[in-house]
$ cat work-v5.pdb   # PDB, C-alpha atoms and all ligand atoms
ATOM      1  CA  MET A   1     183.698 -11.725 258.578
ATOM      2  CA  ARG A   2     180.510 -12.146 256.552
ATOM      3  CA  THR A   3     180.041 -15.361 254.618
ATOM      4  CA  GLY A   4     181.082 -14.831 251.030
ATOM      5  CA  ASP A   5     183.256 -11.783 251.774
ATOM      6  CA  ALA A   6     186.333 -12.435 249.640
ATOM      7  CA  ARG A   7     188.431  -9.688 251.181
ATOM      8  CA  PRO A   8     190.936 -10.942 253.804
ATOM      9  CA  ALA A   9     190.647  -8.999 257.061
ATOM     10  CA  SER A  10     194.193  -7.686 256.759
ATOM     11  CA  LEU A  11     193.858  -6.286 253.226
ATOM     12  CA  PRO A  12     194.266  -2.487 253.228
ATOM     13  CA  ILE A  13     191.168  -0.563 252.199
ATOM     14  CA  ALA A  14     191.253   2.570 250.025
ATOM     15  CA  GLY A  15     194.957   3.237 250.313
ATOM     16  CA  ASP A  16     195.030   2.159 253.958
ATOM     17  CA  GLN A  17     193.217   5.299 255.044
ATOM     18  CA  GLU A  18     190.173   5.228 257.230
ATOM     19  CA  LEU A  19     187.336   7.494 256.221
ATOM     20  CA  PRO A  20     187.231  10.553 258.494
ATOM     21  CA  PRO A  21     184.233  10.714 260.825
ATOM     22  CA  ARG A  22     181.381  12.949 259.744
ATOM     23  CA  ILE A  23     181.759  16.377 261.318
ATOM     24  CA  SER A  24     178.686  18.293 262.441
ATOM     25  CA  GLU A  25     179.149  22.019 262.757
ATOM     26  CA  LEU A  26     176.729  23.790 265.090
ATOM     27  CA  VAL A  27     176.804  27.593 265.122
ATOM     28  CA  VAL A  28     175.168  29.302 268.081
ATOM     29  CA  ILE A  29     174.006  32.799 267.238
ATOM     30  CA  SER A  30     171.676  35.504 268.494
ATOM     31  CA  GLY A  31     170.135  38.526 266.898
ATOM     32  CA  LYS A  32     172.020  40.768 269.316
ATOM     33  CA  GLY A  33     174.463  40.575 272.207
ATOM     34  CA  GLY A  34     173.468  39.829 275.795
ATOM     35  CA  THR A  35     171.113  36.895 275.234
ATOM     36  CA  GLY A  36     173.355  34.431 277.060
ATOM     37  CA  LYS A  37     174.662  32.827 273.868
ATOM     38  CA  THR A  38     178.254  32.463 275.044
ATOM     39  CA  SER A  39     177.219  30.922 278.385
ATOM     40  CA  VAL A  40     175.213  28.347 276.452
ATOM     41  CA  VAL A  41     178.139  27.583 274.116
ATOM     42  CA  ALA A  42     180.556  27.187 277.033
ATOM     43  CA  SER A  43     178.213  24.695 278.705
ATOM     44  CA  PHE A  44     177.683  22.807 275.446
ATOM     45  CA  GLY A  45     181.460  22.578 275.191
ATOM     46  CA  VAL A  46     181.604  20.827 278.571
ATOM     47  CA  LEU A  47     178.743  18.479 277.697
ATOM     48  CA  ALA A  48     179.911  17.543 274.202
ATOM     49  CA  ASP A  49     182.191  14.626 273.413
ATOM     50  CA  ASN A  50     184.822  14.787 270.695
ATOM     51  CA  VAL A  51     184.340  18.484 270.142
ATOM     52  CA  VAL A  52     186.369  21.390 268.777
ATOM     53  CA  ILE A  53     185.227  24.775 270.032
ATOM     54  CA  ALA A  54     185.523  27.848 267.800
ATOM     55  CA  ASP A  55     185.010  31.388 269.037
ATOM     56  CA  CYS A  56     183.880  33.317 265.961
ATOM     57  CA  ASP A  57     182.666  36.332 267.931
ATOM     58  CA  VAL A  58     185.989  37.892 266.981
ATOM     59  CA  ASP A  59     184.936  41.505 267.546
ATOM     60  CA  ALA A  60     184.154  40.816 271.202
ATOM     61  CA  ALA A  61     185.623  37.410 271.980
ATOM     62  CA  ASP A  62     184.904  36.302 275.554
ATOM     63  CA  LEU A  63     184.545  32.526 275.445
ATOM     64  CA  HIS A  64     188.177  32.258 276.546
ATOM     65  CA  LEU A  65     187.231  33.885 279.871
ATOM     66  CA  VAL A  66     185.184  30.804 280.757
ATOM     67  CA  LEU A  67     187.074  27.991 279.035
ATOM     68  CA  SER A  68     190.586  29.205 280.006
ATOM     69  CA  PRO A  69     192.390  27.971 276.882
ATOM     70  CA  VAL A  70     196.107  27.241 276.993
ATOM     71  CA  ILE A  71     197.512  28.613 273.749
ATOM     72  CA  GLY A  72     199.429  26.096 271.657
ATOM     73  CA  GLU A  73     199.768  27.888 268.309
ATOM     74  CA  THR A  74     199.676  31.593 267.452
ATOM     75  CA  HIS A  75     199.233  32.828 263.872
ATOM     76  CA  SER A  76     199.105  36.354 262.499
ATOM     77  CA  PHE A  77     195.930  37.327 260.705
ATOM     78  CA  LEU A  78     196.892  39.219 257.562
ATOM     79  CA  SER A  79     194.309  41.077 255.545
ATOM     80  CA  GLY A  80     194.772  43.818 252.959
ATOM     81  CA  TYR A  81     197.821  46.041 252.560
ATOM     82  CA  GLU A  82     199.301  49.201 254.016
ATOM     83  CA  ALA A  83     201.896  51.635 252.701
ATOM     84  CA  VAL A  84     205.138  52.160 254.628
ATOM     85  CA  ILE A  85     207.765  54.733 253.641
ATOM     86  CA  ARG A  86     211.384  53.567 253.592
ATOM     87  CA  GLN A  87     212.880  56.675 255.136
ATOM     88  CA  ASP A  88     216.363  56.003 253.753
ATOM     89  CA  ASP A  89     215.018  56.167 250.186
ATOM     90  CA  CYS A  90     212.598  59.086 250.644
ATOM     91  CA  CYS A  91     213.803  62.456 249.352
ATOM     92  CA  GLY A  92     210.837  64.421 250.677
ATOM     93  CA  THR A  93     208.976  65.372 247.497
ATOM     94  CA  GLY A  94     205.615  65.202 249.261
ATOM     95  CA  VAL A  95     203.918  63.586 246.251
ATOM     96  CA  CYS A  96     202.516  60.861 248.533
ATOM     97  CA  ARG A  97     200.743  63.442 250.681
ATOM     98  CA  GLU A  98     199.308  65.202 247.619
ATOM     99  CA  VAL A  99     197.848  62.049 246.102
ATOM    100  CA  CYS A 100     196.497  60.386 249.245
ATOM    101  CA  ARG A 101     192.751  60.928 249.350
ATOM    102  CA  PHE A 102     192.534  59.609 252.891
ATOM    103  CA  ASP A 103     194.844  62.133 254.563
ATOM    104  CA  ALA A 104     196.964  59.261 255.761
ATOM    105  CA  VAL A 105     200.306  60.957 255.027
ATOM    106  CA  GLY A 106     201.644  63.528 257.466
ATOM    107  CA  LYS A 107     204.913  64.966 258.671
ATOM    108  CA  HIS A 108     206.681  63.707 261.749
ATOM    109  CA  ASP A 109     206.590  66.395 264.471
ATOM    110  CA  HIS A 110     210.303  66.283 265.262
ATOM    111  CA  THR A 111     212.067  65.034 262.152
ATOM    112  CA  GLY A 112     209.790  66.722 259.578
ATOM    113  CA  ARG A 113     209.877  63.575 257.484
ATOM    114  CA  PHE A 114     206.839  62.179 255.708
ATOM    115  CA  VAL A 115     205.154  59.324 257.538
ATOM    116  CA  ILE A 116     202.021  57.278 256.930
ATOM    117  CA  ASP A 117     199.429  56.770 259.643
ATOM    118  CA  PRO A 118     198.663  53.016 259.508
ATOM    119  CA  LEU A 119     195.193  53.535 261.004
ATOM    120  CA  ALA A 120     194.259  56.061 258.282
ATOM    121  CA  CYS A 121     195.875  54.246 255.347
ATOM    122  CA  GLU A 122     193.196  52.478 253.307
ATOM    123  CA  GLY A 123     195.725  50.433 251.349
ATOM    124  CA  CYS A 124     194.733  51.809 247.950
ATOM    125  CA  GLY A 125     198.340  51.741 246.702
ATOM    126  CA  VAL A 126     198.217  55.073 244.832
ATOM    127  CA  CYS A 127     201.187  56.575 246.679
ATOM    128  CA  VAL A 128     203.173  53.393 246.094
ATOM    129  CA  GLU A 129     202.688  53.757 242.345
ATOM    130  CA  LEU A 130     203.309  57.504 242.167
ATOM    131  CA  CYS A 131     206.274  57.926 244.509
ATOM    132  CA  PRO A 132     209.052  59.155 242.175
ATOM    133  CA  ASN A 133     211.693  57.369 244.252
ATOM    134  CA  ARG A 134     209.811  54.085 244.608
ATOM    135  CA  ALA A 135     210.390  54.608 248.337
ATOM    136  CA  ILE A 136     207.132  53.166 249.613
ATOM    137  CA  ASP A 137     206.665  49.507 250.465
ATOM    138  CA  PHE A 138     203.238  47.909 250.184
ATOM    139  CA  VAL A 139     203.099  45.304 252.921
ATOM    140  CA  GLU A 140     200.419  42.913 254.078
ATOM    141  CA  ARG A 141     198.570  44.360 257.030
ATOM    142  CA  THR A 142     198.540  42.462 260.321
ATOM    143  CA  CYS A 143     194.944  42.776 261.546
ATOM    144  CA  GLY A 144     195.040  40.428 264.494
ATOM    145  CA  ALA A 145     195.935  36.905 265.462
ATOM    146  CA  TRP A 146     194.299  33.531 265.727
ATOM    147  CA  TYR A 147     195.155  30.703 268.084
ATOM    148  CA  VAL A 148     194.849  26.969 268.442
ATOM    149  CA  SER A 149     194.543  26.151 272.124
ATOM    150  CA  SER A 150     193.634  23.359 274.450
ATOM    151  CA  THR A 151     190.884  23.492 277.050
ATOM    152  CA  PRO A 152     189.557  20.895 279.485
ATOM    153  CA  SER A 153     186.658  20.444 277.019
ATOM    154  CA  GLY A 154     188.837  19.890 273.949
ATOM    155  CA  PRO A 155     190.745  21.903 271.333
ATOM    156  CA  MET A 156     189.696  25.498 270.786
ATOM    157  CA  VAL A 157     190.331  27.889 267.904
ATOM    158  CA  HIS A 158     189.910  31.549 268.728
ATOM    159  CA  ALA A 159     191.104  34.934 267.576
ATOM    160  CA  ARG A 160     191.777  38.537 268.431
ATOM    161  CA  LEU A 161     191.026  41.305 265.971
ATOM    162  CA  GLY A 162     193.474  44.216 266.142
ATOM    163  CA  ILE A 163     192.431  47.674 267.309
ATOM    164  CA  ALA A 164     190.535  49.481 264.519
ATOM    165  CA  ALA A 165     191.124  46.462 262.276
ATOM    166  CA  GLU A 166     188.453  45.500 259.795
ATOM    167  CA  ASN A 167     187.471  42.400 257.867
ATOM    168  CA  SER A 168     186.230  40.381 260.792
ATOM    169  CA  GLY A 169     184.257  38.260 258.280
ATOM    170  CA  LYS A 170     187.523  36.987 256.837
ATOM    171  CA  LEU A 171     188.843  36.250 260.338
ATOM    172  CA  VAL A 172     185.622  34.376 261.157
ATOM    173  CA  ALA A 173     186.101  32.275 258.017
ATOM    174  CA  THR A 174     189.688  31.595 259.070
ATOM    175  CA  VAL A 175     188.661  30.448 262.561
ATOM    176  CA  ARG A 176     185.974  28.140 261.138
ATOM    177  CA  ARG A 177     188.308  26.667 258.547
ATOM    178  CA  GLU A 178     191.006  26.006 261.137
ATOM    179  CA  ALA A 179     188.506  24.521 263.603
ATOM    180  CA  THR A 180     187.449  22.024 260.953
ATOM    181  CA  ARG A 181     191.079  21.244 260.206
ATOM    182  CA  VAL A 182     191.726  20.589 263.905
ATOM    183  CA  ALA A 183     188.582  18.432 264.063
ATOM    184  CA  VAL A 184     189.766  16.301 261.158
ATOM    185  CA  ALA A 185     193.262  15.975 262.627
ATOM    186  CA  ASN A 186     191.877  14.897 266.011
ATOM    187  CA  ARG A 187     189.025  12.794 264.610
ATOM    188  CA  CYS A 188     186.486  14.992 266.397
ATOM    189  CA  THR A 189     182.882  14.732 265.276
ATOM    190  CA  THR A 190     181.516  18.114 266.343
ATOM    191  CA  VAL A 191     182.606  21.693 265.778
ATOM    192  CA  LEU A 192     180.835  24.021 268.166
ATOM    193  CA  VAL A 193     180.920  27.651 267.065
ATOM    194  CA  ASP A 194     180.181  30.707 269.196
ATOM    195  CA  GLY A 195     178.918  33.005 266.447
ATOM    196  CA  PRO A 196     178.864  36.793 266.371
ATOM    197  CA  PRO A 197     175.697  38.716 267.251
ATOM    198  CA  GLY A 198     173.595  40.560 264.669
ATOM    199  CA  ILE A 199     173.049  39.782 261.003
ATOM    200  CA  GLY A 200     176.087  41.405 259.375
ATOM    201  CA  CYS A 201     179.044  40.085 257.419
ATOM    202  CA  PRO A 202     180.665  38.208 260.361
ATOM    203  CA  VAL A 203     177.409  36.331 261.009
ATOM    204  CA  ILE A 204     177.055  35.399 257.347
ATOM    205  CA  ALA A 205     180.667  34.191 257.391
ATOM    206  CA  SER A 206     179.926  32.099 260.467
ATOM    207  CA  ILE A 207     176.798  30.278 259.255
ATOM    208  CA  THR A 208     177.249  29.582 255.548
ATOM    209  CA  GLY A 209     177.686  25.869 254.977
ATOM    210  CA  ALA A 210     177.122  24.962 258.664
ATOM    211  CA  SER A 211     175.177  21.850 259.648
ATOM    212  CA  GLY A 212     172.796  23.955 261.703
ATOM    213  CA  VAL A 213     172.372  27.149 263.688
ATOM    214  CA  LEU A 214     170.930  27.437 267.161
ATOM    215  CA  ILE A 215     169.412  30.851 267.803
ATOM    216  CA  VAL A 216     169.485  31.831 271.469
ATOM    217  CA  THR A 217     166.940  34.531 272.132
ATOM    218  CA  GLU A 218     165.099  36.078 275.049
ATOM    219  CA  PRO A 219     161.358  36.563 275.624
ATOM    220  CA  THR A 220     161.081  40.247 274.729
ATOM    221  CA  VAL A 221     159.690  42.130 271.757
ATOM    222  CA  SER A 222     163.195  42.940 270.520
ATOM    223  CA  GLY A 223     164.193  39.311 271.111
ATOM    224  CA  ALA A 224     161.372  38.158 268.834
ATOM    225  CA  HIS A 225     162.284  40.721 266.205
ATOM    226  CA  ASP A 226     165.993  39.785 266.267
ATOM    227  CA  MET A 227     165.148  36.098 266.102
ATOM    228  CA  GLU A 228     163.095  36.645 262.952
ATOM    229  CA  ARG A 229     165.951  38.505 261.312
ATOM    230  CA  VAL A 230     168.508  35.757 261.963
ATOM    231  CA  LEU A 231     165.994  33.085 261.020
ATOM    232  CA  ALA A 232     165.513  34.840 257.677
ATOM    233  CA  LEU A 233     169.283  34.912 257.250
ATOM    234  CA  ALA A 234     169.609  31.202 257.985
ATOM    235  CA  ARG A 235     166.791  30.431 255.571
ATOM    236  CA  HIS A 236     168.415  32.553 252.882
ATOM    237  CA  PHE A 237     171.632  30.537 253.188
ATOM    238  CA  ASP A 238     169.735  27.291 253.458
ATOM    239  CA  VAL A 239     171.050  26.415 256.927
ATOM    240  CA  PRO A 240     168.672  24.461 259.223
ATOM    241  CA  ALA A 241     167.758  26.527 262.289
ATOM    242  CA  ALA A 242     166.596  25.818 265.825
ATOM    243  CA  VAL A 243     165.520  28.195 268.573
ATOM    244  CA  CYS A 244     166.084  28.226 272.320
ATOM    245  CA  VAL A 245     164.498  30.854 274.561
ATOM    246  CA  ASN A 246     166.778  31.868 277.403
ATOM    247  CA  ARG A 247     165.370  33.244 280.688
ATOM    248  CA  TRP A 248     161.944  32.216 279.407
ATOM    249  CA  ASP A 249     160.246  32.418 282.817
ATOM    250  CA  LEU A 250     160.731  36.195 282.930
ATOM    251  CA  ASN A 251     157.976  36.419 280.307
ATOM    252  CA  PRO A 252     156.248  33.067 279.681
ATOM    253  CA  ASP A 253     153.724  34.547 277.215
ATOM    254  CA  GLY A 254     156.549  36.138 275.249
ATOM    255  CA  ALA A 255     158.372  32.796 275.177
ATOM    256  CA  ASP A 256     155.211  31.096 273.869
ATOM    257  CA  ARG A 257     154.866  33.694 271.110
ATOM    258  CA  ILE A 258     158.502  33.351 270.059
ATOM    259  CA  GLU A 259     158.321  29.574 269.854
ATOM    260  CA  SER A 260     155.051  29.730 267.950
ATOM    261  CA  ARG A 261     156.482  32.210 265.461
ATOM    262  CA  ALA A 262     159.714  30.222 265.112
ATOM    263  CA  THR A 263     157.716  27.068 264.388
ATOM    264  CA  ASP A 264     155.686  28.917 261.743
ATOM    265  CA  LEU A 265     158.955  29.975 260.129
ATOM    266  CA  GLY A 266     160.201  26.392 259.977
ATOM    267  CA  ALA A 267     162.626  26.355 262.923
ATOM    268  CA  ALA A 268     162.975  23.501 265.396
ATOM    269  CA  ILE A 269     162.396  24.216 269.087
ATOM    270  CA  THR A 270     165.100  22.771 271.310
ATOM    271  CA  GLY A 271     163.860  23.774 274.738
ATOM    272  CA  ARG A 272     163.949  26.645 277.170
ATOM    273  CA  ILE A 273     166.357  27.817 279.847
ATOM    274  CA  ARG A 274     165.137  29.358 283.092
ATOM    275  CA  TYR A 275     166.459  32.532 284.661
ATOM    276  CA  ASP A 276     168.960  31.480 287.280
ATOM    277  CA  PRO A 277     171.375  33.719 289.245
ATOM    278  CA  THR A 278     173.853  30.845 289.061
ATOM    279  CA  VAL A 279     174.543  31.890 285.460
ATOM    280  CA  THR A 280     175.871  35.244 286.681
ATOM    281  CA  ARG A 281     177.873  33.545 289.416
ATOM    282  CA  ALA A 282     179.397  31.234 286.816
ATOM    283  CA  GLN A 283     180.423  34.226 284.694
ATOM    284  CA  VAL A 284     181.986  35.974 287.678
ATOM    285  CA  GLU A 285     183.904  32.826 288.619
ATOM    286  CA  GLY A 286     184.974  32.134 285.024
ATOM    287  CA  ARG A 287     183.225  28.771 284.964
ATOM    288  CA  THR A 288     180.386  27.181 283.042
ATOM    289  CA  VAL A 289     176.914  26.941 284.499
ATOM    290  CA  VAL A 290     176.769  23.161 284.050
ATOM    291  CA  GLU A 291     179.827  22.860 286.277
ATOM    292  CA  LEU A 292     178.055  24.781 289.038
ATOM    293  CA  GLY A 293     174.704  23.031 288.641
ATOM    294  CA  GLY A 294     171.231  24.423 289.317
ATOM    295  CA  GLU A 295     168.018  24.937 287.372
ATOM    296  CA  ALA A 296     169.582  26.639 284.370
ATOM    297  CA  ALA A 297     172.223  23.907 284.214
ATOM    298  CA  ASP A 298     169.484  21.267 284.164
ATOM    299  CA  ASP A 299     167.762  23.120 281.326
ATOM    300  CA  VAL A 300     170.993  23.492 279.342
ATOM    301  CA  ARG A 301     171.543  19.737 279.556
ATOM    302  CA  VAL A 302     168.074  19.136 278.147
ATOM    303  CA  VAL A 303     168.630  21.668 275.361
ATOM    304  CA  TRP A 304     171.976  20.096 274.453
ATOM    305  CA  ASP A 305     170.332  16.678 274.309
ATOM    306  CA  GLN A 306     167.624  18.067 272.015
ATOM    307  CA  VAL A 307     170.194  19.802 269.809
ATOM    308  CA  ARG A 308     172.202  16.614 269.445
ATOM    309  CA  ARG A 309     169.138  14.694 268.391
ATOM    310  CA  TRP A 310     168.139  17.443 265.989
ATOM    311  CA  LEU A 311     171.594  17.554 264.421
ATOM    312  CA  LYS A 312     172.060  13.781 264.688
ATOM    313  CA  CYS A 313     175.529  14.332 266.101
TER
HETATM  314  S1  LIG B   1     206.439  60.483 247.372
HETATM  315 FE1  LIG B   1     208.108  59.097 247.918
HETATM  316  S2  LIG B   1     209.934  60.324 247.910
HETATM  317 FE2  LIG B   1     208.196  61.744 247.954
HETATM  318  S3  LIG B   1     207.857  62.159 250.128
HETATM  319 FE3  LIG B   1     206.555  60.452 249.595
HETATM  320  S4  LIG B   1     207.781  58.642 250.059
HETATM  321 FE4  LIG B   1     209.174  60.364 250.012
HETATM  322  S1  LIG B   2     198.151  53.437 250.171
HETATM  323 FE1  LIG B   2     196.507  54.892 249.610
HETATM  324  S2  LIG B   2     195.573  55.337 251.587
HETATM  325 FE2  LIG B   2     197.528  54.449 252.067
HETATM  326  S3  LIG B   2     198.892  56.202 252.273
HETATM  327 FE3  LIG B   2     199.062  55.509 250.152
HETATM  328  S4  LIG B   2     197.580  56.758 249.034
HETATM  329 FE4  LIG B   2     197.088  56.942 251.195
END
$ encode --input "work-v5.pdb" --output "structure tokens"
Amino acid sequence: MRTGDARPASLPIAGDQELPPRISELVVISGKGGTGKTSVVASFGVLADNVVIADCDVDAADLHLVLSPVIGETHSFLSGYEAVIRQDDCCGTGVCREVCRFDAVGKHDHTGRFVIDPLACEGCGVCVELCPNRAIDFVERTCGAWYVSSTPSGPMVHARLGIAAENSGKLVATVRREATRVAVANRCTTVLVDGPPGIGCPVIASITGASGVLIVTEPTVSGAHDMERVLALARHFDVPAAVCVNRWDLNPDGADRIESRATDLGAAITGRIRYDPTVTRAQVEGRTVVELGGEAADDVRVVWDQVRRWLKC
């Protein structure tokens, strides 16, 4: 104890609760699919200590193929509403079919009763209001599920969006929120997010408020263009950005140009990853490249080290 410190060592501090550790949230994104983003995230997951992994690429989730999560919790993802006719109360007026502007109401082939196609129903609620028998329920729509799982690298939160289901931005926000909750509960210091590709709503939902984004790109003209678009997005939402060029040795001049442009736009450069057939082998075997080793694995370790220093995590 310091000299002059009047507080006895056993006295409880702030209601006997320890302050939670600071949580850094790194979101790995790319301007488009196929840049190797998920392979990088999976390897980061192996290298990181005290980490919660979140797969926010909910439209095409594939991180689970490498990290083999064991599902511990399953939750329905509810978003919006859909109309469902209670057949026992329906007297067949057909008003619902007349008022539906989305052609969601049809007649059952065999019974001739009115039924609502859940894929066509837009959840506007007009038929619910106008049904003379009040025979239509307006129920929350199940659009998918999200999971809390365990992996050898740590807890993982991931999700599955239902077929033809929309609102993946809301599901992304749910996965991020739950990953942070799991991090707090387990006193983890890093949340590692596999973000969606592109620059649409799911990407915005995945980066807003994050500690930083790492943009994984490739040394092509389209790679440079996509990187600029996501960099602009990160800048718009005031999220610090870093860039990593994957398979850089396939076009060293292109890699130079991308890094130069990224630096001009205010991004940090966190290293390059070489082309290495081991990456493909790792995908085929459902493992991470750092587990298999090789040149790309060496590069990923360097990039992770740089990212940690950049994020101070
Ligand atoms: S409006 Fe109501 S009562 Fe009429 S067919 Fe539709 S569900 Fe049945
Ligand atoms: S809720 Fe709207 S979209 Fe759905 S069936 Fe009724 S009128 Fe059609």
$ closest_atom_pairs --input "work-v5.pdb" --of "chain A" --to "ligand LIG 2 (chain B)" --cutoff "10 Å" --atoms "only C-alpha atoms and all ligand atoms" --output "CSV"
residue,atom,partner,partner_atom,distance
A:Tyr81,CA,B:LIG2,S1,7.8
A:Glu82,CA,B:LIG2,S1,5.8
A:Ala83,CA,B:LIG2,S1,4.9
A:Val84,CA,B:LIG2,S3,7.8
A:Ile85,CA,B:LIG2,S3,9.1
A:Val95,CA,B:LIG2,S4,9.7
A:Cys96,CA,B:LIG2,S4,6.4
A:Arg97,CA,B:LIG2,FE4,7.5
A:Glu98,CA,B:LIG2,S4,8.7
A:Val99,CA,B:LIG2,S4,6.1
A:Cys100,CA,B:LIG2,S4,3.8
A:Arg101,CA,B:LIG2,FE4,6.2
A:Phe102,CA,B:LIG2,S2,5.4
A:Asp103,CA,B:LIG2,FE4,6.6
A:Ala104,CA,B:LIG2,S3,5.0
A:Val105,CA,B:LIG2,S3,5.7
A:Gly106,CA,B:LIG2,S3,9.4
A:Val115,CA,B:LIG2,S3,8.8
A:Ile116,CA,B:LIG2,S3,5.7
A:Asp117,CA,B:LIG2,S3,7.4
A:Pro118,CA,B:LIG2,FE2,7.7
A:Leu119,CA,B:LIG2,FE2,9.3
A:Ala120,CA,B:LIG2,S2,6.9
A:Cys121,CA,B:LIG2,FE2,3.7
A:Glu122,CA,B:LIG2,S2,4.1
A:Gly123,CA,B:LIG2,S1,4.0
A:Cys124,CA,B:LIG2,FE1,3.9
A:Gly125,CA,B:LIG2,S1,3.9
A:Val126,CA,B:LIG2,S4,4.6
A:Cys127,CA,B:LIG2,FE3,4.2
A:Val128,CA,B:LIG2,FE3,6.2
A:Glu129,CA,B:LIG2,FE3,8.8
A:Leu130,CA,B:LIG2,S4,9.0
A:Cys131,CA,B:LIG2,FE3,9.5
A:Ile136,CA,B:LIG2,FE3,8.4
A:Asp137,CA,B:LIG2,S1,9.4
A:Phe138,CA,B:LIG2,S1,7.5
A:Val139,CA,B:LIG2,S1,9.9
$ resolve_selection --input "work-v5.pdb" --expression "the PyMOL selection byres (((chain A and resi 22) around 12) and not hetatm)" --output "PyMOL selection string"
chain A and resi 18-21+23-25+50+180+183-184+187-191+211+311-313
$ closest_residue --input "work-v5.pdb" --among "A:Ala61, A:Asp88, A:Ala54, A:His75" --to "ligand LIG 1 (chain B)" --atoms "only C-alpha atoms and all ligand atoms"
A:Asp88
$ atom_distance --input "work-v5.pdb" --atom1 "CA of Gly293 in chain A" --atom2 "CA of Gly45 in chain A"
15.1 Å
$ residues_around --input "work-v5.pdb" --residues "Trp146 in chain A" --least-positions-apart "5" --cutoff "9 Å" --atoms "only C-alpha atoms" --output "ChimeraX atom specification"
/A:73-77,157-161,171,174-175
$ resolve_selection --input "work-v5.pdb" --expression "the PyMOL selection byres (((chain A and resi 71) around 7) and not hetatm)" --output "number ranges by chain"
A: 69-70, 72-73, 147-150
$ decode --input "work-v5.pdb" --residues "range 94-105 of chain A" --atoms "N, CA, C and O atoms" --output "PDB file, in the first residue's frame"
ATOM      1  N   GLY A  94     -63.227 -12.735 -48.532  1.00  0.00           N
ATOM      2  CA  GLY A  94     -62.260 -12.348 -49.559  1.00  0.00           C
ATOM      3  C   GLY A  94     -61.814 -10.900 -49.479  1.00  0.00           C
ATOM      4  O   GLY A  94     -61.055 -10.438 -50.342  1.00  0.00           O
ATOM      5  N   VAL A  95     -62.232 -10.178 -48.456  1.00  0.00           N
ATOM      6  CA  VAL A  95     -61.818  -8.771 -48.313  1.00  0.00           C
ATOM      7  C   VAL A  95     -60.295  -8.675 -48.250  1.00  0.00           C
ATOM      8  O   VAL A  95     -59.674  -7.796 -48.848  1.00  0.00           O
ATOM      9  N   CYS A  96     -59.663  -9.611 -47.534  1.00  0.00           N
ATOM     10  CA  CYS A  96     -58.198  -9.566 -47.383  1.00  0.00           C
ATOM     11  C   CYS A  96     -57.518  -9.626 -48.746  1.00  0.00           C
ATOM     12  O   CYS A  96     -56.540  -8.911 -48.995  1.00  0.00           O
ATOM     13  N   ARG A  97     -58.026 -10.454 -49.642  1.00  0.00           N
ATOM     14  CA  ARG A  97     -57.397 -10.550 -50.962  1.00  0.00           C
ATOM     15  C   ARG A  97     -57.603  -9.259 -51.756  1.00  0.00           C
ATOM     16  O   ARG A  97     -56.721  -8.825 -52.480  1.00  0.00           O
ATOM     17  N   GLU A  98     -58.771  -8.652 -51.606  1.00  0.00           N
ATOM     18  CA  GLU A  98     -59.052  -7.404 -52.341  1.00  0.00           C
ATOM     19  C   GLU A  98     -58.133  -6.273 -51.897  1.00  0.00           C
ATOM     20  O   GLU A  98     -57.690  -5.465 -52.702  1.00  0.00           O
ATOM     21  N   VAL A  99     -57.864  -6.200 -50.604  1.00  0.00           N
ATOM     22  CA  VAL A  99     -57.123  -5.031 -50.101  1.00  0.00           C
ATOM     23  C   VAL A  99     -55.605  -5.223 -50.111  1.00  0.00           C
ATOM     24  O   VAL A  99     -54.874  -4.245 -49.969  1.00  0.00           O
ATOM     25  N   CYS A 100     -55.144  -6.441 -50.287  1.00  0.00           N
ATOM     26  CA  CYS A 100     -53.688  -6.658 -50.241  1.00  0.00           C
ATOM     27  C   CYS A 100     -53.045  -6.177 -51.539  1.00  0.00           C
ATOM     28  O   CYS A 100     -53.307  -6.720 -52.615  1.00  0.00           O
ATOM     29  N   ARG A 101     -52.193  -5.206 -51.429  1.00  0.00           N
ATOM     30  CA  ARG A 101     -51.528  -4.654 -52.619  1.00  0.00           C
ATOM     31  C   ARG A 101     -50.329  -5.477 -53.041  1.00  0.00           C
ATOM     32  O   ARG A 101     -49.674  -5.180 -54.026  1.00  0.00           O
ATOM     33  N   PHE A 102     -50.001  -6.505 -52.272  1.00  0.00           N
ATOM     34  CA  PHE A 102     -48.810  -7.288 -52.568  1.00  0.00           C
ATOM     35  C   PHE A 102     -49.145  -8.693 -53.074  1.00  0.00           C
ATOM     36  O   PHE A 102     -48.267  -9.552 -53.150  1.00  0.00           O
ATOM     37  N   ASP A 103     -50.406  -8.903 -53.391  1.00  0.00           N
ATOM     38  CA  ASP A 103     -50.852 -10.213 -53.899  1.00  0.00           C
ATOM     39  C   ASP A 103     -50.403 -11.357 -52.999  1.00  0.00           C
ATOM     40  O   ASP A 103     -50.002 -12.425 -53.484  1.00  0.00           O
ATOM     41  N   ALA A 104     -50.440 -11.107 -51.712  1.00  0.00           N
ATOM     42  CA  ALA A 104     -49.978 -12.125 -50.775  1.00  0.00           C
ATOM     43  C   ALA A 104     -51.088 -13.093 -50.372  1.00  0.00           C
ATOM     44  O   ALA A 104     -50.815 -14.123 -49.770  1.00  0.00           O
ATOM     45  N   VAL A 105     -52.346 -12.754 -50.704  1.00  0.00           N
ATOM     46  CA  VAL A 105     -53.464 -13.602 -50.276  1.00  0.00           C
ATOM     47  C   VAL A 105     -53.947 -14.424 -51.472  1.00  0.00           C
ATOM     48  O   VAL A 105     -54.197 -13.887 -52.556  1.00  0.00           O
TER      49      VAL A 105
END
